[in-house]
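Peer 1: Take a look at this one; I'll ask things after.
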Amino acid sequence: MRFALVAVPVVVVLTSSPGNVTEVVATKAVETSPSTHGTDLAWTQGVRDGPVIVMKLGTVFLRRDHGSTIRITPRGILGASGGMDARTLVVQIIRDRGSDIELFDLKTRRLRDPPRGVNTHAWEWRGSISGHHLLFGRFSGDTYQVVLTDLASGHKRILDSVSGHGAYAEPGQINGRYAVWAGCPDNFCTVYRLDVASGRTIQVPGDYQHATYAPSVAANGEIFYGRGLKSCGAGVKLMRYRPGGAPRLVAALPPGYDFRFTNTDGRQLLFDRVRCRDGDFDVYGVRVTP
């Protein structure tokens, strides 16, 4: 597919002080679903609530190497930013009342379809890529799945599949040999991490009083996620967890603020902070160190 890419003026501020939460993309528009790799940054300028998954859909933007901002999705098409690696940005595209995953080549600046079998008649969403591995969500009927696909071999693995009362599952991020997601049977969510090389899965410690959500993962296997009480903006914290240790605080959000997604390249953790009373999203970041 070929689409025109348009330069767009957007306020973009990079975090510069270790440990400080700083605005990254903050305008009067709704900015959500951020992802980063080095000096590359992508996000969604949301204009509409998703019809299936609770998230904002709109126009996907990309800024590379401190350069100008370009629009990725074609005019008139709703989309959402997914994750990226050094070569590819994953984009969710909404067409004909369906949702599919497409891959944006950062060098050629062209969208392309993934291999056969990734997109189906179900609702595919929130993709993340690392090398030849693609992580994404799939929803059909009342079943939520998290799927890991090897783009080279075509092999697919269902990491989670939940359905029934209060069920939900969402993909987080694939980064090197690690993939994270949240699985939520019967309104109780647990964050998981798979070591793709060894096949071993671990879970982040949690409890019934708090929600754990919006996971991302660094290439060294450290997990980042949200923790809060079960209403929007109540006791919300950004946490980090390395197996063998205890969960640690990254940052606490002010009362009345929450976030939908996180993404990390191991140096910067991005999240889309939302003001609960009016649904206003902006992208924030915080430097993270091992």
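Chain labels A, B, ... are given in the sequence in which chains occur in the structure tokens; within each chain residues are numbered consecutively from 1, and ligands are likewise numbered from 1 in the order shown.
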List the neighbours of range 99-105 of chain A out to 7 Å using only C-alpha atoms; skip same-chain residues closer than 3 positions along the sequence, and give me the result as a VMD selection string.

Peer 2: chain A and resid 87 to 95 108 to 114 119 123 to 125 127

Peer 1: So which residues touch Arg267 in chain A within 9 Å, counting only C-alpha atoms, skipping near sequence neighbours fewer than 4 positions away, as a list in words?

Peer 2: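 Everything that qualifies: Gly38, Ala218, Val286, Arg287, Val288, Thr289 and Pro290 of chain A.
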
Peer 1: Produce a file of the selected residues containing N, CA, C and O atoms, as a JSON list (two decimals), in the first residue's frame.

Peer 2:
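out-v6.json, freshly written:
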```json
[["chain", "number", "residue", "atom", "x", "y", "z"],
["A", 38, "GLY", "N", 14.68, 4.06, 20.94],
["A", 38, "GLY", "CA", 15.74, 5.04, 20.78],
["A", 38, "GLY", "C", 15.18, 6.44, 20.64],
["A", 38, "GLY", "O", 14.43, 6.92, 21.48],
["A", 218, "ALA", "N", 11.33, -4.42, 29.19],
["A", 218, "ALA", "CA", 12.63, -4.07, 28.63],
["A", 218, "ALA", "C", 13.31, -5.32, 28.09],
["A", 218, "ALA", "O", 12.93, -6.46, 28.42],
["A", 286, "VAL", "N", 9.28, 8.81, 31.51],
["A", 286, "VAL", "CA", 10.18, 8.86, 32.65],
["A", 286, "VAL", "C", 11.41, 8.01, 32.32],
["A", 286, "VAL", "O", 11.29, 6.92, 31.75],
["A", 287, "ARG", "N", 12.59, 8.54, 32.63],
["A", 287, "ARG", "CA", 13.82, 7.78, 32.42],
["A", 287, "ARG", "C", 13.87, 6.63, 33.40],
["A", 287, "ARG", "O", 13.54, 6.78, 34.58],
["A", 288, "VAL", "N", 14.27, 5.47, 32.91],
["A", 288, "VAL", "CA", 14.41, 4.31, 33.77],
["A", 288, "VAL", "C", 15.83, 3.78, 33.65],
["A", 288, "VAL", "O", 16.40, 3.75, 32.57],
["A", 289, "THR", "N", 16.40, 3.36, 34.77],
["A", 289, "THR", "CA", 17.75, 2.82, 34.78],
["A", 289, "THR", "C", 17.70, 1.42, 35.35],
["A", 289, "THR", "O", 16.80, 1.10, 36.15],
["A", 290, "PRO", "N", 18.61, 0.55, 34.97],
["A", 290, "PRO", "CA", 18.60, -0.83, 35.50],
["A", 290, "PRO", "C", 18.70, -0.86, 37.01],
["A", 290, "PRO", "O", 19.29, 0.03, 37.61]]
```

Peer 1: Env of Gly172 in chain A: 10 Å cut, atoms = only C-alpha atoms, seq-sep filter 5 positions within chain, self excluded. Answer as a VMD selection string.

Peer 2: chain A and resid 82 to 83 126 to 128 135 to 137 146 179 to 182 191 to 193 213 to 217 224 to 225 261 to 263

Peer 1: Go ahead and save the picked residues with N, CA and C atoms, as a JSON list (two decimals), in the first residue's frame.

Peer 2:
```
[["chain", "number", "residue", "atom", "x", "y", "z"],
["A", 82, "GLY", "N", 0.91, 0.88, 17.58],
["A", 82, "GLY", "CA", 1.36, -0.24, 18.39],
["A", 82, "GLY", "C", 2.82, -0.05, 18.75],
["A", 83, "GLY", "N", 3.52, -1.15, 19.01],
["A", 83, "GLY", "CA", 4.93, -1.07, 19.37],
["A", 83, "GLY", "C", 5.83, -1.02, 18.15],
["A", 126, "ARG", "N", -3.56, -3.78, 18.89],
["A", 126, "ARG", "CA", -2.45, -3.52, 19.80],
["A", 126, "ARG", "C", -1.25, -4.45, 19.56],
["A", 127, "GLY", "N", -0.66, -4.34, 18.36],
["A", 127, "GLY", "CA", 0.49, -5.16, 18.03],
["A", 127, "GLY", "C", 1.79, -4.59, 18.57],
["A", 128, "SER", "N", 2.76, -5.46, 18.78],
["A", 128, "SER", "CA", 4.12, -5.08, 19.19],
["A", 128, "SER", "C", 5.09, -6.00, 18.48],
["A", 135, "LEU", "N", 3.59, -9.69, 18.62],
["A", 135, "LEU", "CA", 2.62, -9.93, 19.68],
["A", 135, "LEU", "C", 1.41, -9.06, 19.41],
["A", 136, "PHE", "N", 0.20, -9.61, 19.56],
["A", 136, "PHE", "CA", -0.99, -8.80, 19.33],
["A", 136, "PHE", "C", -2.19, -9.43, 20.03],
["A", 137, "GLY", "N", -3.26, -8.64, 20.11],
["A", 137, "GLY", "CA", -4.50, -9.12, 20.70],
["A", 137, "GLY", "C", -5.51, -9.50, 19.62],
["A", 146, "VAL", "N", -4.40, -13.39, 23.45],
["A", 146, "VAL", "CA", -3.11, -12.76, 23.21],
["A", 146, "VAL", "C", -2.29, -13.75, 22.40],
["A", 179, "ALA", "N", 8.08, -11.38, 26.29],
["A", 179, "ALA", "CA", 6.75, -10.86, 25.94],
["A", 179, "ALA", "C", 5.92, -10.74, 27.20],
["A", 180, "VAL", "N", 5.15, -9.65, 27.32],
["A", 180, "VAL", "CA", 4.29, -9.46, 28.49],
["A", 180, "VAL", "C", 2.86, -9.18, 28.05],
["A", 181, "TRP", "N", 1.94, -9.54, 28.92],
["A", 181, "TRP", "CA", 0.53, -9.29, 28.67],
["A", 181, "TRP", "C", -0.22, -9.34, 30.00],
["A", 182, "ALA", "N", -1.50, -8.93, 29.95],
["A", 182, "ALA", "CA", -2.37, -9.02, 31.11],
["A", 182, "ALA", "C", -3.54, -9.94, 30.78],
["A", 191, "VAL", "N", -0.52, -9.80, 35.46],
["A", 191, "VAL", "CA", 0.47, -9.52, 34.42],
["A", 191, "VAL", "C", 1.44, -10.70, 34.33],
["A", 192, "TYR", "N", 1.68, -11.17, 33.11],
["A", 192, "TYR", "CA", 2.55, -12.31, 32.85],
["A", 192, "TYR", "C", 3.72, -11.90, 31.97],
["A", 193, "ARG", "N", 4.83, -12.66, 32.10],
["A", 193, "ARG", "CA", 5.97, -12.50, 31.21],
["A", 193, "ARG", "C", 6.43, -13.85, 30.71],
["A", 213, "TYR", "N", -2.13, -3.71, 35.33],
["A", 213, "TYR", "CA", -2.54, -3.52, 33.94],
["A", 213, "TYR", "C", -1.44, -2.81, 33.16],
["A", 214, "ALA", "N", -1.66, -2.68, 31.84],
["A", 214, "ALA", "CA", -0.80, -1.90, 30.94],
["A", 214, "ALA", "C", 0.67, -2.30, 31.02],
["A", 215, "PRO", "N", 1.00, -3.58, 30.83],
["A", 215, "PRO", "CA", 2.40, -3.99, 30.98],
["A", 215, "PRO", "C", 3.27, -3.67, 29.76],
["A", 216, "SER", "N", 4.55, -3.45, 30.02],
["A", 216, "SER", "CA", 5.57, -3.38, 28.98],
["A", 216, "SER", "C", 6.82, -4.04, 29.54],
["A", 217, "VAL", "N", 7.81, -4.26, 28.69],
["A", 217, "VAL", "CA", 8.99, -5.01, 29.14],
["A", 217, "VAL", "C", 10.24, -4.50, 28.44],
["A", 224, "PHE", "N", 7.39, -3.47, 33.42],
["A", 224, "PHE", "CA", 6.78, -2.23, 33.88],
["A", 224, "PHE", "C", 5.27, -2.36, 33.73],
["A", 225, "TYR", "N", 4.52, -1.78, 34.67],
["A", 225, "TYR", "CA", 3.07, -1.96, 34.63],
["A", 225, "TYR", "C", 2.39, -0.95, 35.54],
["A", 261, "PHE", "N", -1.87, 2.73, 28.44],
["A", 261, "PHE", "CA", -0.81, 1.87, 27.93],
["A", 261, "PHE", "C", 0.55, 2.36, 28.41],
["A", 262, "THR", "N", 1.52, 1.43, 28.48],
["A", 262, "THR", "CA", 2.92, 1.79, 28.65],
["A", 262, "THR", "C", 3.74, 1.15, 27.54],
["A", 263, "ASN", "N", 4.94, 1.69, 27.33],
["A", 263, "ASN", "CA", 5.87, 1.12, 26.35],
["A", 263, "ASN", "C", 7.27, 1.58, 26.73]]
```

Peer 1: Calculated over only C-alpha atoms, which of the candidates A:Thr39, A:Thr120, A:Thr190, A:Ser81 has the smallest distance to His66 in chain A?

Peer 2: A:Thr39

Peer 1: Can you pull out every residue within 10 Å of Arg64 in chain A, counting only C-alpha atoms, but drop anything in the same chain fewer than 6 positions away, and send it as an MDAnalysis selection string?

Peer 2: chainID A and resid 36:42 70 106

Peer 1: Name the residues in contact with range 246-257 of chain A at a cut-off of 12 Å, using only C-alpha atoms, excluding same-chain residues fewer than 5 positions from it; report them as a ChimeraX atom specification.

Peer 2: /A:18-22,203-206,212,222-229,231-241,268-282,284-290

Peer 1: Determine, counting only C-alpha atoms, which protein, DNA and RNA residues have an atom within 12 Å of an atom of Val54 in chain A; residues of the same chain fewer than 2 positions away are not included. Present the result as a list of chain:residue names.

Peer 2: A:Ser33, A:Arg48, A:Asp49, A:Gly50, A:Pro51, A:Val52, A:Lys56, A:Leu57, A:Trp125, A:Arg126, A:Tyr168, A:Ala169, A:Glu170, A:Arg260, A:Phe261, A:Gly279

Peer 1: List the neighbours of Thr59 in chain A out to 7 Å using only C-alpha atoms; skip same-chain residues closer than 4 positions along the sequence, and give me the result as a PyMOL selection string.

Peer 2: chain A and resi 44-46+73+78-80

Peer 1: If you measure from CA of Ala86 in chain A to CA of Lys156 in chain A, what distance in Å do you get, rounded to one decimal?

Peer 2: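 CA of Lys156 in chain A lies at a distance of 22.6 Å from CA of Ala86 in chain A.
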
Peer 1: Can you work out the spacing between CA of Val60 in chain A and CA of Thr27 in chain A in Å, to one decimal?

Peer 2: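 According to the coordinates, CA of Val60 in chain A and CA of Thr27 in chain A are separated by 14.9 Å.
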
Peer 1: I need the residue nearest Pro74 in chain A from this list: A:Gly58, A:Phe188, A:Ser161, A:Val118. Use only C-alpha atoms for the distance.

Peer 2: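 Nearest to Pro74 in chain A: A:Gly58.
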